[in-house]
Every structure is written in structure tokens, then in C-alpha cells.
>>> print(open('data_33.cif').read())   # mmCIF, C-alpha atoms
data_upload
#
loop_
_atom_site.label_atom_id
_atom_site.label_comp_id
_atom_site.auth_asym_id
_atom_site.auth_seq_id
_atom_site.Cartn_x
_atom_site.Cartn_y
_atom_site.Cartn_z
CA LEU A 1 0.00 0.00 0.00
CA LEU A 2 2.83 2.32 0.95
CA ALA A 3 4.79 1.49 -2.27
CA SER A 4 1.82 2.18 -4.54
CA PHE A 5 1.20 5.38 -2.59
CA SER A 6 4.80 6.56 -3.24
CA ASP A 7 4.54 5.61 -6.95
CA ALA A 8 1.39 7.62 -7.24
CA GLN A 9 3.20 10.45 -5.52
CA ASN A 10 6.03 10.26 -8.11
CA ALA A 11 3.65 10.36 -11.03
CA GLN A 12 1.89 13.30 -9.54
CA GLN A 13 5.18 15.05 -8.84
CA CYS A 14 6.27 14.83 -12.47
CA PRO A 15 3.26 15.01 -14.71
CA ASN A 16 3.84 15.58 -18.44
CA ALA A 17 7.47 14.48 -18.11
CA LYS A 18 9.56 15.52 -21.10
CA ALA A 19 13.26 15.20 -21.78
CA THR A 20 15.90 16.51 -24.14
CA PHE A 21 18.82 14.25 -24.93
CA GLN A 22 22.47 14.43 -25.89
CA THR A 23 24.13 11.19 -26.88
CA TYR A 24 27.75 10.21 -27.33
CA SER A 25 29.64 7.09 -28.31
CA THR A 26 33.39 6.54 -28.77
CA SER A 27 34.57 7.27 -32.32
CA GLN A 28 38.36 6.81 -32.02
CA LEU A 29 40.15 3.59 -31.25
CA LEU A 30 43.52 5.14 -30.61
CA MET A 31 43.14 6.56 -27.09
CA SER A 32 40.75 4.05 -25.53
CA ARG A 33 40.44 0.38 -24.77
CA GLU A 34 36.63 0.29 -24.61
CA THR A 35 33.77 2.01 -26.36
CA VAL A 36 31.77 4.29 -24.08
CA PHE A 37 28.09 5.19 -24.57
CA ILE A 38 26.63 8.20 -22.79
CA VAL A 39 23.14 9.67 -22.73
CA ASP A 40 22.69 13.02 -21.00
CA MET A 41 19.11 14.10 -20.47
CA GLU A 42 17.40 17.14 -19.08
CA VAL A 43 13.97 16.39 -17.68
CA SER A 44 11.12 18.84 -17.31
CA CYS A 45 7.94 18.07 -15.44
CA GLY A 46 5.59 20.87 -16.29
CA ALA A 47 4.65 23.88 -14.17
CA LYS A 48 3.81 22.02 -10.97
CA GLY A 49 6.20 19.14 -11.39
CA ASN A 50 9.30 18.25 -9.39
CA PRO A 51 12.03 16.39 -11.28
CA GLU A 52 13.87 15.86 -8.01
CA ALA A 53 11.22 13.33 -7.08
CA LEU A 54 12.05 11.17 -10.09
CA PHE A 55 14.10 8.01 -9.72
CA LEU A 56 14.93 6.59 -13.13
CA HIS A 57 16.13 3.30 -14.57
CA ALA A 58 17.41 2.51 -18.05
CA ASP A 59 17.12 -0.58 -20.17
CA VAL A 60 19.46 -1.14 -23.13
CA ASN A 61 18.79 -4.26 -25.16
CA GLY A 62 17.53 -6.09 -22.09
CA GLU A 63 20.39 -4.98 -19.85
CA HIS A 64 19.67 -2.79 -16.83
CA VAL A 65 21.84 0.31 -16.75
CA PRO A 66 21.74 2.61 -13.69
CA VAL A 67 20.69 6.23 -14.21
CA VAL A 68 22.73 8.78 -12.31
CA ARG A 69 21.35 12.14 -11.26
CA ALA A 70 23.79 14.88 -12.29
CA SER A 71 21.72 17.78 -10.97
CA LYS A 72 18.09 18.58 -10.03
CA THR A 73 16.87 18.20 -13.59
CA THR A 74 19.66 16.36 -15.41
CA PHE A 75 20.39 12.67 -15.50
CA GLN A 76 23.01 10.53 -17.17
CA VAL A 77 23.07 6.98 -18.44
CA SER A 78 26.41 5.47 -19.39
CA TRP A 79 27.98 2.11 -20.02
CA SER A 80 31.02 0.73 -21.81
CA ALA A 81 31.89 -2.33 -23.84
CA PRO A 82 35.08 -3.66 -25.47
CA HIS A 83 35.58 -2.28 -28.96
CA ALA A 84 35.04 -5.66 -30.57
CA LYS A 85 31.66 -6.09 -28.85
CA ALA A 86 30.45 -2.53 -29.46
CA LYS A 87 29.13 -3.14 -32.97
CA THR A 88 28.09 -0.37 -35.31
CA GLY A 89 24.37 0.23 -35.19
CA THR A 90 21.50 1.69 -33.18
CA TYR A 91 21.26 1.17 -29.44
CA PRO A 92 17.76 1.89 -28.12
CA VAL A 93 17.81 3.30 -24.59
CA ARG A 94 14.53 3.11 -22.69
CA ILE A 95 14.12 5.17 -19.56
CA TYR A 96 11.58 4.11 -16.92
CA ASP A 97 10.48 5.63 -13.70
CA GLU A 98 10.26 3.29 -10.71
CA GLU A 99 6.73 2.22 -11.48
CA GLY A 100 7.52 1.55 -15.10
CA TYR A 101 10.67 -0.38 -14.28
CA ALA A 102 8.85 -2.58 -11.80
CA ALA A 103 6.23 -3.28 -14.48
CA LEU A 104 9.01 -4.13 -16.95
CA ARG A 105 10.58 -6.65 -14.58
CA LYS A 106 7.22 -8.21 -13.89
CA ALA A 107 6.52 -8.52 -17.63
CA ILE A 108 9.88 -10.17 -18.25
CA ARG A 109 9.33 -12.59 -15.33
CA ASN A 110 5.98 -13.51 -16.82
CA GLY A 111 7.57 -14.17 -20.21
CA GLN A 112 6.07 -11.12 -21.87
CA SER A 113 7.88 -8.85 -24.30
CA ALA A 114 9.63 -5.76 -22.94
CA ASP A 115 7.76 -3.76 -25.60
CA SER A 116 4.54 -4.32 -23.65
CA VAL A 117 5.68 -1.77 -21.07
CA LYS A 118 5.81 1.79 -22.35
CA PRO A 119 8.92 3.65 -21.19
CA LEU A 120 8.85 7.14 -19.79
CA PHE A 121 11.34 8.24 -22.45
CA SER A 122 13.28 6.53 -25.17
CA VAL A 123 16.26 7.59 -27.25
CA ASP A 124 18.46 5.86 -29.80
CA ILE A 125 22.26 6.05 -29.84
CA ASN A 126 23.45 5.77 -33.40
CA HIS A 127 26.91 4.26 -32.97
CA LYS A 128 29.01 4.63 -36.13
CA GLY A 129 31.81 2.49 -34.81
CA ALA A 130 35.23 3.37 -33.42
CA SER A 131 38.06 3.69 -35.91
CA ARG A 132 41.66 4.79 -36.07
CA PRO A 133 42.03 8.42 -37.08
CA GLY A 134 43.90 9.37 -40.25
CA PHE A 135 44.73 7.19 -43.23
CA PHE A 136 44.09 3.49 -43.39
CA VAL A 137 47.85 3.13 -43.86
CA GLN A 138 50.25 4.71 -41.35
CA THR A 139 52.09 7.81 -42.53
CA GLU A 140 55.47 6.44 -41.51
CA PHE A 141 54.83 3.37 -43.66
CA ILE A 142 54.18 5.58 -46.68
CA ALA A 143 57.33 7.60 -45.93
CA VAL A 144 59.53 4.52 -45.56
CA MET A 145 58.12 2.87 -48.70
CA THR A 146 58.65 6.04 -50.74
CA VAL A 147 62.25 6.42 -49.61
CA LEU A 148 62.83 2.70 -50.16
CA LEU A 149 61.63 2.98 -53.75
CA ILE A 150 63.88 6.02 -54.34
CA TRP A 151 66.88 4.25 -52.85
CA TRP A 152 66.09 1.11 -54.90
CA TYR A 153 66.15 3.17 -58.08
CA ALA A 154 69.41 4.85 -57.01
CA ASN A 155 71.01 1.52 -56.16
CA SER A 156 70.04 -0.10 -59.44
CA THR A 157 71.36 2.91 -61.34
CA LYS A 158 74.62 2.64 -59.39
CA GLY A 159 74.76 -1.04 -60.32
CA ARG A 160 74.36 -0.21 -64.02
CA LEU A 161 77.05 2.47 -63.82
CA THR A 162 79.56 0.14 -62.20
CA GLU A 163 79.00 -2.76 -64.63
CA MET B 1 112.53 23.70 -62.57
CA PRO B 2 113.08 23.30 -58.82
CA LYS B 3 112.21 19.88 -57.45
CA GLY B 4 108.56 19.65 -56.20
CA LYS B 5 107.36 22.64 -58.23
CA PHE B 6 104.91 22.19 -61.09
CA THR B 7 104.26 24.30 -64.14
CA LYS B 8 100.90 25.92 -64.54
CA GLU B 9 99.84 23.35 -67.10
CA GLU B 10 100.86 20.51 -64.80
CA GLU B 11 98.95 22.04 -61.90
CA LYS B 12 95.90 22.42 -64.08
CA LEU B 13 96.14 18.78 -65.17
CA LEU B 14 96.55 17.65 -61.58
CA GLU B 15 93.48 19.62 -60.55
CA GLU B 16 91.37 18.24 -63.39
CA TYR B 17 92.25 14.61 -62.77
CA SER B 18 92.69 14.82 -59.03
CA ARG B 19 90.40 12.90 -56.72
CA LYS B 20 90.19 15.92 -54.42
CA PRO B 21 86.94 17.80 -54.98
CA THR B 22 87.08 21.42 -56.07
CA LYS B 23 86.04 24.21 -53.72
CA GLY B 24 82.66 24.50 -55.40
CA VAL B 25 81.98 20.79 -55.03
CA GLU B 26 83.19 20.85 -51.42
CA TRP B 27 80.71 23.59 -50.54
CA LEU B 28 77.98 21.72 -52.36
CA PHE B 29 78.79 18.65 -50.25
CA TYR B 30 78.85 20.58 -46.97
CA ILE B 31 75.54 22.37 -47.58
CA ASN B 32 73.74 19.23 -48.75
CA ALA B 33 75.17 17.15 -45.92
CA PHE B 34 74.16 19.69 -43.32
CA LEU B 35 70.60 19.92 -44.70
CA ILE B 36 70.18 16.16 -44.81
CA ALA B 37 71.70 15.71 -41.36
CA ALA B 38 69.31 18.35 -39.99
CA ILE B 39 66.16 16.77 -41.48
CA PRO B 40 65.76 14.15 -38.67
CA ILE B 41 65.31 17.01 -36.19
CA TRP B 42 61.88 17.71 -37.71
CA PRO B 43 60.27 14.29 -37.04
CA ALA B 44 62.07 14.12 -33.69
CA TRP B 45 60.50 17.42 -32.70
CA ARG B 46 57.03 17.01 -34.18
CA ILE B 47 56.43 13.27 -33.89
CA LEU B 48 58.65 12.11 -31.05
CA GLN B 49 57.79 15.30 -29.14
CA MET B 50 61.42 16.22 -28.42
CA GLU B 51 61.46 19.91 -27.57
CA LEU B 52 64.15 21.86 -29.43
CA MET B 53 65.44 23.72 -26.39
CA THR B 54 65.45 20.69 -24.12
CA TYR B 55 67.09 18.33 -26.58
CA GLY B 56 69.22 20.88 -28.43
CA ILE B 57 72.26 19.50 -26.63
CA ILE B 58 71.64 16.22 -28.47
CA PHE B 59 70.48 17.65 -31.81
CA VAL B 60 73.52 19.85 -32.46
CA PRO B 61 76.34 17.30 -31.98
CA MET B 62 74.41 14.53 -33.73
CA THR B 63 73.70 16.79 -36.70
CA LEU B 64 77.37 17.74 -36.95
CA PHE B 65 78.47 14.11 -36.61
CA SER B 66 75.99 12.97 -39.27
CA ALA B 67 76.97 15.82 -41.59
CA TYR B 68 80.64 14.80 -41.31
CA ALA B 69 79.81 11.17 -42.11
CA ILE B 70 77.61 12.21 -45.03
CA VAL B 71 80.35 14.44 -46.52
CA PHE B 72 82.79 11.53 -46.16
CA SER B 73 80.33 9.22 -47.97
CA TYR B 74 79.67 11.77 -50.72
CA GLY B 75 83.39 11.93 -51.49
CA LYS B 76 83.89 8.17 -51.44
CA VAL B 77 80.92 7.33 -53.66
CA LYS B 78 81.83 10.12 -56.05
CA ASP B 79 85.39 8.80 -56.36
CA SER B 80 84.21 5.23 -56.93
CA LEU B 81 81.81 6.24 -59.70
CA ARG B 82 83.75 8.92 -61.46
CA HIS B 83 86.06 6.67 -63.46
CA LYS B 84 83.21 4.32 -64.43
CA ILE B 85 81.06 7.22 -65.60
CA PHE B 86 84.07 8.59 -67.51
CA GLN B 87 84.40 5.33 -69.41
CA LYS B 88 80.66 5.14 -70.13
CA ARG B 89 80.27 8.73 -71.32
CA ARG B 90 83.48 9.03 -73.36
CA PRO B 91 82.10 7.52 -76.60
CA ALA B 92 79.09 9.87 -76.61
CA VAL B 93 81.22 12.93 -75.80
CA ALA B 94 83.75 11.89 -78.46
CA THR B 95 80.99 11.69 -81.10
CA GLU B 96 79.56 15.05 -80.11
CA THR B 97 82.97 16.73 -80.01
CA SER B 98 84.11 15.29 -83.33
CA GLU B 99 80.95 16.49 -85.09
CA ALA B 100 81.29 20.06 -83.81
CA SER B 101 82.54 22.27 -86.64
CA GLU B 102 85.11 24.17 -84.52
CA ASN B 103 86.86 20.89 -83.70
CA LYS B 104 87.30 19.70 -87.27
CA LYS B 105 90.50 21.76 -87.66
CA LEU B 106 92.13 20.26 -84.56
CA THR B 107 94.74 17.56 -84.75
CA LYS B 108 93.92 14.13 -83.35
CA PRO B 109 95.92 14.60 -80.12
CA GLN B 110 94.28 18.00 -79.59
CA ARG B 111 90.82 16.54 -80.23
CA ASP B 112 91.49 13.63 -77.85
CA GLU B 113 92.64 16.05 -75.18
CA LYS B 114 89.50 18.11 -75.62
CA ILE B 115 87.32 14.97 -75.48
CA ASP B 116 89.05 13.84 -72.29
CA TRP B 117 88.65 17.22 -70.71
CA LYS B 118 84.97 17.44 -71.58
CA THR B 119 84.30 13.85 -70.53
CA ASN B 120 86.08 14.53 -67.27
CA GLU B 121 83.81 17.51 -66.62
CA VAL B 122 80.70 15.49 -67.42
CA ALA B 123 81.86 12.59 -65.26
CA ASP B 124 82.70 14.93 -62.40
CA ARG B 125 79.28 16.61 -62.44
CA GLU B 126 77.38 13.38 -62.89
CA SER B 127 79.28 11.52 -60.17
CA THR B 128 78.81 14.47 -57.78
CA ALA B 129 75.07 14.67 -58.39
CA PHE B 130 74.57 10.93 -58.22
CA SER B 131 76.65 10.58 -55.06
CA ILE B 132 74.49 13.20 -53.32
CA PHE B 133 71.26 11.56 -54.54
CA TYR B 134 72.31 8.03 -53.57
CA ASN B 135 73.67 8.90 -50.13
CA ASN B 136 70.70 11.12 -49.24
CA ALA B 137 68.26 8.34 -50.13
CA LEU B 138 70.21 5.75 -48.13
CA TYR B 139 70.56 8.00 -45.08
CA MET B 140 66.84 8.79 -44.98
CA LEU B 141 65.89 5.15 -45.51
CA VAL B 142 68.04 3.89 -42.64
CA PHE B 143 66.98 6.73 -40.33
CA LEU B 144 63.23 6.32 -40.98
CA ALA B 145 63.34 2.53 -40.69
CA LEU B 146 65.20 2.70 -37.37
CA ALA B 147 63.39 5.66 -35.80
CA PHE B 148 59.81 4.62 -36.64
CA TYR B 149 60.00 0.86 -36.61
CA LEU B 150 62.95 -0.80 -34.89
CA LEU B 151 63.47 1.76 -32.13
CA ARG B 152 59.91 3.09 -31.74
CA SER B 153 59.43 1.63 -28.27
CA PHE B 154 62.66 3.05 -26.87
CA ASN B 155 63.27 6.33 -25.08
CA VAL B 156 63.02 9.21 -27.60
CA ALA B 157 66.53 10.54 -26.99
CA PHE B 158 68.01 7.05 -27.38
CA ASN B 159 65.92 6.57 -30.50
CA TYR B 160 67.18 9.78 -32.12
CA ILE B 161 70.84 9.25 -31.20
CA VAL B 162 70.98 5.63 -32.32
CA SER B 163 68.97 6.10 -35.52
CA THR B 164 71.04 9.06 -36.74
CA ALA B 165 74.34 7.52 -35.64
CA ALA B 166 73.49 4.18 -37.24
CA ALA B 167 72.39 5.85 -40.48
CA SER B 168 75.68 7.79 -40.60
CA PHE B 169 77.66 4.65 -39.83
CA VAL B 170 75.91 2.59 -42.52
CA LEU B 171 76.48 5.35 -45.05
CA ALA B 172 80.18 5.60 -44.26
CA LEU B 173 80.61 1.83 -44.23
CA LEU B 174 78.88 1.20 -47.56
CA SER B 175 80.65 4.11 -49.24
CA THR B 176 84.04 2.50 -48.62
CA GLY B 177 82.94 -0.76 -50.20
CA PRO B 178 83.27 -1.77 -53.85
#
>>> encode(input="data_33.cif", output="C-alpha cells")
Amino acid sequence: LLASFSDAQNAQQCPNAKATFQTYSTSQLLMSRETVFIVDMEVSCGAKGNPEALFLHADVNGEHVPVVRASKTTFQVSWSAPHAKAKTGTYPVRIYDEEGYAALRKAIRNGQSADSVKPLFSVDINHKGASRPGFFVQTEFIAVMTVLLIWWYANSTKGRLTE
Amino acid sequence: MPKGKFTKEEEKLLEEYSRKPTKGVEWLFYINAFLIAAIPIWPAWRILQMELMTYGIIFVPMTLFSAYAIVFSYGKVKDSLRHKIFQKRRPAVATETSEASENKKLTKPQRDEKIDWKTNEVADRESTAFSIFYNNALYMLVFLALAFYLLRSFNVAFNYIVSTAAASFVLALLSTGP
């Protein structure tokens, strides 16, 4: 009774919840060992709402990811994965309030699809993959190959001159 | 004529056929050698992050050492090629000289002397230019291969010193060979 009362309180404290998102995923292989995904969101609750009353949870492809409160109205979701496992593609991030997340867990326990529970917010991270910056071939390799070819030509000319 | 003294003609002949480079060629060698020896400072500074002021005490002596070795190699390679180039170019120079109208009135010994002189000039210039080209290419090849592949995981100062010293050493060693 007390739990349902507090859930009702949360819903009342943040009616018409809306959020704006900024997403990030690692794009360069060179300076990192893992790919990091970050979602920053700013939540607004309408004129009489109180975002401070919100406690949020995130679900990414069936994995629970904790949501951290950065300030009164901003939250952050982040996780990391090895580069090889962080495939290129879209990562849907579903944000639930406490009531919604409890409903999600219940649905999964009962064998229902996660899509049956509507999230509070959802955002997609479009991960383009992490790559090495610059040319496909290293610059020093190009430099050494060029000088090698020049020296090869010089050496063969020297050979012809000394025949 | 006092013993040890040469006539002007003999001095001129000695100079033309001497292995010692002329002043002009010497300066050409020094300037080229210094420029090539200084080139490794650029990748050391920009890629290996060796600050000029901090590592200047390494850059200056290594550049001078490399320049000395490069000048040595220039001279040796030039000497080894000059006679070969002389032999290869003589027939072409002889044909060109014989066909020139102003040479038709010369006697055979005079024409031969002129051909030899001209061929010597051609061989001197060609051997100088080729020696510079060949040694520059070899120096850069050895330096780049050592600095960016074999020694890349070593301390930057060690990398620079060993790669430039080794490139200079290889140059000097190969220039004294056949």
C-alpha cells in the first residue's frame, strides 16, 4: 500500500514528463580500450512538477543500466563495452520511472515482451563504430616505402654504372 | 725547374684529374650534408615530441656528426663512380665533339685532349650529383626505418641518437665498399 502510494506520488510530482537528450559514443580507437556510450538528459515536469522526485532506470537491449542524477533536472546513463563487442548500429535506450521499471521486470518474469511496457522516455544512440584516425595506412609506412623505392632506383642505377 | 714545383699546365692537369673535390663541389657537399643531417630534427620534434630547447644538446652534436659522415660518404661514392662514368660517357662525348665544326681543324691529339677534358667535366658533375642523390636516399631510408619501426618503443633521446648515428655509420661503411 505504501509502495503504490509513493509511486502515485512520483507520477503526480512529475506530470507531463519531457526530456531533451544528448548522446555520445566513442569514435576513435587510438586513445581508448573500450567504447563508451553516454546519454545526457534534461527532464522537465511541467509547471507544478518536481524532477527531483524522479528516480529513473534505463534498459538497453535487455540490460539494466543505472541512471545517475547529475543535478536537479539532469540525469546521465552510461555504459562501456570492449571495442570488438560494441558493434556499429542503433542502441535503443529506454528510460523508466520506478513504477515503469517494476512493471518491466514483472513482464519479463511472466515471459512477456519488454515492448509491452511503455517507457517514460526513449532515445536511440546511433553508434558509427570506433576507428583509427587518419589514413588506413600509417604515414610512416608511406614515408619509408617512398624512400625505399627512391633508394632502390638509385642503387640499381649505381649497379648499371659500375658494370 | 726546382724539385717539387709544377708548371701551370701541370697544376691544371693535376686539378682536373685529381680525386680531391674542387672548392665549389666541397661547398655543395657541406651544404647538402648539413641539410640532410638536420632533417631528422623535424620528425624528432614534431612526432617524437622532443622539444628543441630541451634536446638541443643532443640535436647539435648529432647533426654535426651525421653531416661529417655524409660528406665523407659523398666523397667516397663520387670517387668510386667517377672513373666508371668517364668510361661510359666518353664515346658519346667523343661523337659530339668530333661532329662540332670548330673541332674539325684540330689535330687528333688535340681533339682527344678536348674529349678527355669534356668527358672529365661530365663525369665529375654526374658523379657528384649521383653521389648526393644516392647517399641522401640511403641516409633517410636507414633513419626512418630505425626511428619509426625498430626503435619506436625506446626512449626518444636514445631513438634519435641511435637512428642518426646508425644511419651515418651505414652510409660511411657502404661508401668504402666496392
>>> resolve_selection(input="data_33.cif", expression="the PyMOL selection byres ((chain A) within 12 of (chain B))", output="JSON, numbers by chain")
{"A": [138, 139, 140, 141, 142, 143, 144, 145, 146, 147, 148, 149, 150, 151, 152, 153, 154, 155, 156, 157, 158, 159, 160, 161, 162, 163]}
>>> resolve_selection(input="data_33.cif", expression="the PyMOL selection byres ((chain A and resi 40) around 9)", output="list in words")
Thr20, Phe21, Gln22, Thr23, Tyr24, Ile38, Val39, Met41, Glu42, Ala70, Thr74, Phe75, Gln76, Val77 and Ser78 of chain A
>>> atom_distance(input="data_33.cif", atom1="atom CA of Ala167 of chain B", atom2="atom CA of Leu52 of chain B")
21.1 Å
>>> resolve_selection(input="data_33.cif", expression="the PyMOL selection byres ((chain B and resi 41) around 12)", output="PyMOL selection string")
chain B and resi 34-40+42-53+55-56+58-63+66+143-144+147+156-157+159-161+163-164
>>> write_last_selection(input="data_33.cif", atoms="C-alpha atoms", output="PDB file, keeping the file's coordinate frame")
ATOM      1  CA  PHE B  34      74.160  19.690 -43.320  1.00  0.00           C
ATOM      2  CA  LEU B  35      70.600  19.920 -44.700  1.00  0.00           C
ATOM      3  CA  ILE B  36      70.180  16.160 -44.810  1.00  0.00           C
ATOM      4  CA  ALA B  37      71.700  15.710 -41.360  1.00  0.00           C
ATOM      5  CA  ALA B  38      69.310  18.350 -39.990  1.00  0.00           C
ATOM      6  CA  ILE B  39      66.160  16.770 -41.480  1.00  0.00           C
ATOM      7  CA  PRO B  40      65.760  14.150 -38.670  1.00  0.00           C
ATOM      8  CA  TRP B  42      61.880  17.710 -37.710  1.00  0.00           C
ATOM      9  CA  PRO B  43      60.270  14.290 -37.040  1.00  0.00           C
ATOM     10  CA  ALA B  44      62.070  14.120 -33.690  1.00  0.00           C
ATOM     11  CA  TRP B  45      60.500  17.420 -32.700  1.00  0.00           C
ATOM     12  CA  ARG B  46      57.030  17.010 -34.180  1.00  0.00           C
ATOM     13  CA  ILE B  47      56.430  13.270 -33.890  1.00  0.00           C
ATOM     14  CA  LEU B  48      58.650  12.110 -31.050  1.00  0.00           C
ATOM     15  CA  GLN B  49      57.790  15.300 -29.140  1.00  0.00           C
ATOM     16  CA  MET B  50      61.420  16.220 -28.420  1.00  0.00           C
ATOM     17  CA  GLU B  51      61.460  19.910 -27.570  1.00  0.00           C
ATOM     18  CA  LEU B  52      64.150  21.860 -29.430  1.00  0.00           C
ATOM     19  CA  MET B  53      65.440  23.720 -26.390  1.00  0.00           C
ATOM     20  CA  TYR B  55      67.090  18.330 -26.580  1.00  0.00           C
ATOM     21  CA  GLY B  56      69.220  20.880 -28.430  1.00  0.00           C
ATOM     22  CA  ILE B  58      71.640  16.220 -28.470  1.00  0.00           C
ATOM     23  CA  PHE B  59      70.480  17.650 -31.810  1.00  0.00           C
ATOM     24  CA  VAL B  60      73.520  19.850 -32.460  1.00  0.00           C
ATOM     25  CA  PRO B  61      76.340  17.300 -31.980  1.00  0.00           C
ATOM     26  CA  MET B  62      74.410  14.530 -33.730  1.00  0.00           C
ATOM     27  CA  THR B  63      73.700  16.790 -36.700  1.00  0.00           C
ATOM     28  CA  SER B  66      75.990  12.970 -39.270  1.00  0.00           C
ATOM     29  CA  PHE B 143      66.980   6.730 -40.330  1.00  0.00           C
ATOM     30  CA  LEU B 144      63.230   6.320 -40.980  1.00  0.00           C
ATOM     31  CA  ALA B 147      63.390   5.660 -35.800  1.00  0.00           C
ATOM     32  CA  VAL B 156      63.020   9.210 -27.600  1.00  0.00           C
ATOM     33  CA  ALA B 157      66.530  10.540 -26.990  1.00  0.00           C
ATOM     34  CA  ASN B 159      65.920   6.570 -30.500  1.00  0.00           C
ATOM     35  CA  TYR B 160      67.180   9.780 -32.120  1.00  0.00           C
ATOM     36  CA  ILE B 161      70.840   9.250 -31.200  1.00  0.00           C
ATOM     37  CA  SER B 163      68.970   6.100 -35.520  1.00  0.00           C
ATOM     38  CA  THR B 164      71.040   9.060 -36.740  1.00  0.00           C
TER      39      THR B 164
END
>>> atom_distance(input="data_33.cif", atom1="atom CA of Thr128 of chain B", atom2="atom CA of Lys78 of chain B")
5.6 Å
>>> residues_around(input="data_33.cif", residues="segment 95-112 of chain A", least_positions_apart="3", cutoff="12 Å", atoms="only C-alpha atoms", output="count of residues only")
51
>>> atom_distance(input="data_33.cif", atom1="atom CA of Ile125 of chain A", atom2="atom CA of Ser71 of chain A")
22.2 Å
>>> residues_around(input="data_33.cif", residues="Met31 of chain A", least_positions_apart="3", cutoff="12 Å", atoms="only C-alpha atoms", output="PyMOL selection string")
chain A and resi 26-28+34-36+83+130-133
>>> decode(input="data_33.cif", residues="segment 24-40 of chain A", atoms="N, CA and C atoms", output="JSON list (two decimals), in the first residue's frame")
[["chain", "number", "residue", "atom", "x", "y", "z"],
["A", 24, "TYR", "N", 26.34, 10.29, -26.92],
["A", 24, "TYR", "CA", 27.75, 10.21, -27.33],
["A", 24, "TYR", "C", 28.16, 8.75, -27.34],
["A", 25, "SER", "N", 29.00, 8.40, -28.34],
["A", 25, "SER", "CA", 29.64, 7.09, -28.31],
["A", 25, "SER", "C", 31.06, 7.25, -28.85],
["A", 26, "THR", "N", 31.97, 6.42, -28.39],
["A", 26, "THR", "CA", 33.39, 6.54, -28.77],
["A", 26, "THR", "C", 33.55, 6.41, -30.28],
["A", 27, "SER", "N", 34.36, 7.32, -30.87],
["A", 27, "SER", "CA", 34.57, 7.27, -32.32],
["A", 27, "SER", "C", 36.01, 6.94, -32.69],
["A", 28, "GLN", "N", 36.95, 7.05, -31.70],
["A", 28, "GLN", "CA", 38.36, 6.81, -32.02],
["A", 28, "GLN", "C", 38.91, 5.66, -31.21],
["A", 29, "LEU", "N", 39.58, 4.74, -31.92],
["A", 29, "LEU", "CA", 40.15, 3.59, -31.25],
["A", 29, "LEU", "C", 41.43, 3.92, -30.50],
["A", 30, "LEU", "N", 42.12, 4.94, -31.00],
["A", 30, "LEU", "CA", 43.52, 5.14, -30.61],
["A", 30, "LEU", "C", 43.71, 5.35, -29.11],
["A", 31, "MET", "N", 42.87, 6.16, -28.47],
["A", 31, "MET", "CA", 43.14, 6.56, -27.09],
["A", 31, "MET", "C", 42.29, 5.80, -26.09],
["A", 32, "SER", "N", 41.63, 4.72, -26.48],
["A", 32, "SER", "CA", 40.75, 4.05, -25.53],
["A", 32, "SER", "C", 40.79, 2.55, -25.75],
["A", 33, "ARG", "N", 40.49, 1.84, -24.66],
["A", 33, "ARG", "CA", 40.44, 0.38, -24.77],
["A", 33, "ARG", "C", 39.02, -0.13, -24.92],
["A", 34, "GLU", "N", 38.04, 0.70, -24.49],
["A", 34, "GLU", "CA", 36.63, 0.29, -24.61],
["A", 34, "GLU", "C", 35.83, 1.42, -25.25],
["A", 35, "THR", "N", 34.69, 1.02, -25.80],
["A", 35, "THR", "CA", 33.77, 2.01, -26.36],
["A", 35, "THR", "C", 32.81, 2.44, -25.25],
["A", 36, "VAL", "N", 32.65, 3.74, -25.12],
["A", 36, "VAL", "CA", 31.77, 4.29, -24.08],
["A", 36, "VAL", "C", 30.52, 4.87, -24.74],
["A", 37, "PHE", "N", 29.37, 4.61, -24.11],
["A", 37, "PHE", "CA", 28.09, 5.19, -24.57],
["A", 37, "PHE", "C", 27.57, 6.06, -23.45],
["A", 38, "ILE", "N", 27.14, 7.27, -23.81],
["A", 38, "ILE", "CA", 26.63, 8.20, -22.79],
["A", 38, "ILE", "C", 25.35, 8.83, -23.32],
["A", 39, "VAL", "N", 24.36, 8.91, -22.42],
["A", 39, "VAL", "CA", 23.14, 9.67, -22.73],
["A", 39, "VAL", "C", 22.96, 10.69, -21.60],
["A", 40, "ASP", "N", 22.99, 11.95, -21.96],
["A", 40, "ASP", "CA", 22.69, 13.02, -21.00],
["A", 40, "ASP", "C", 21.28, 13.49, -21.28]]
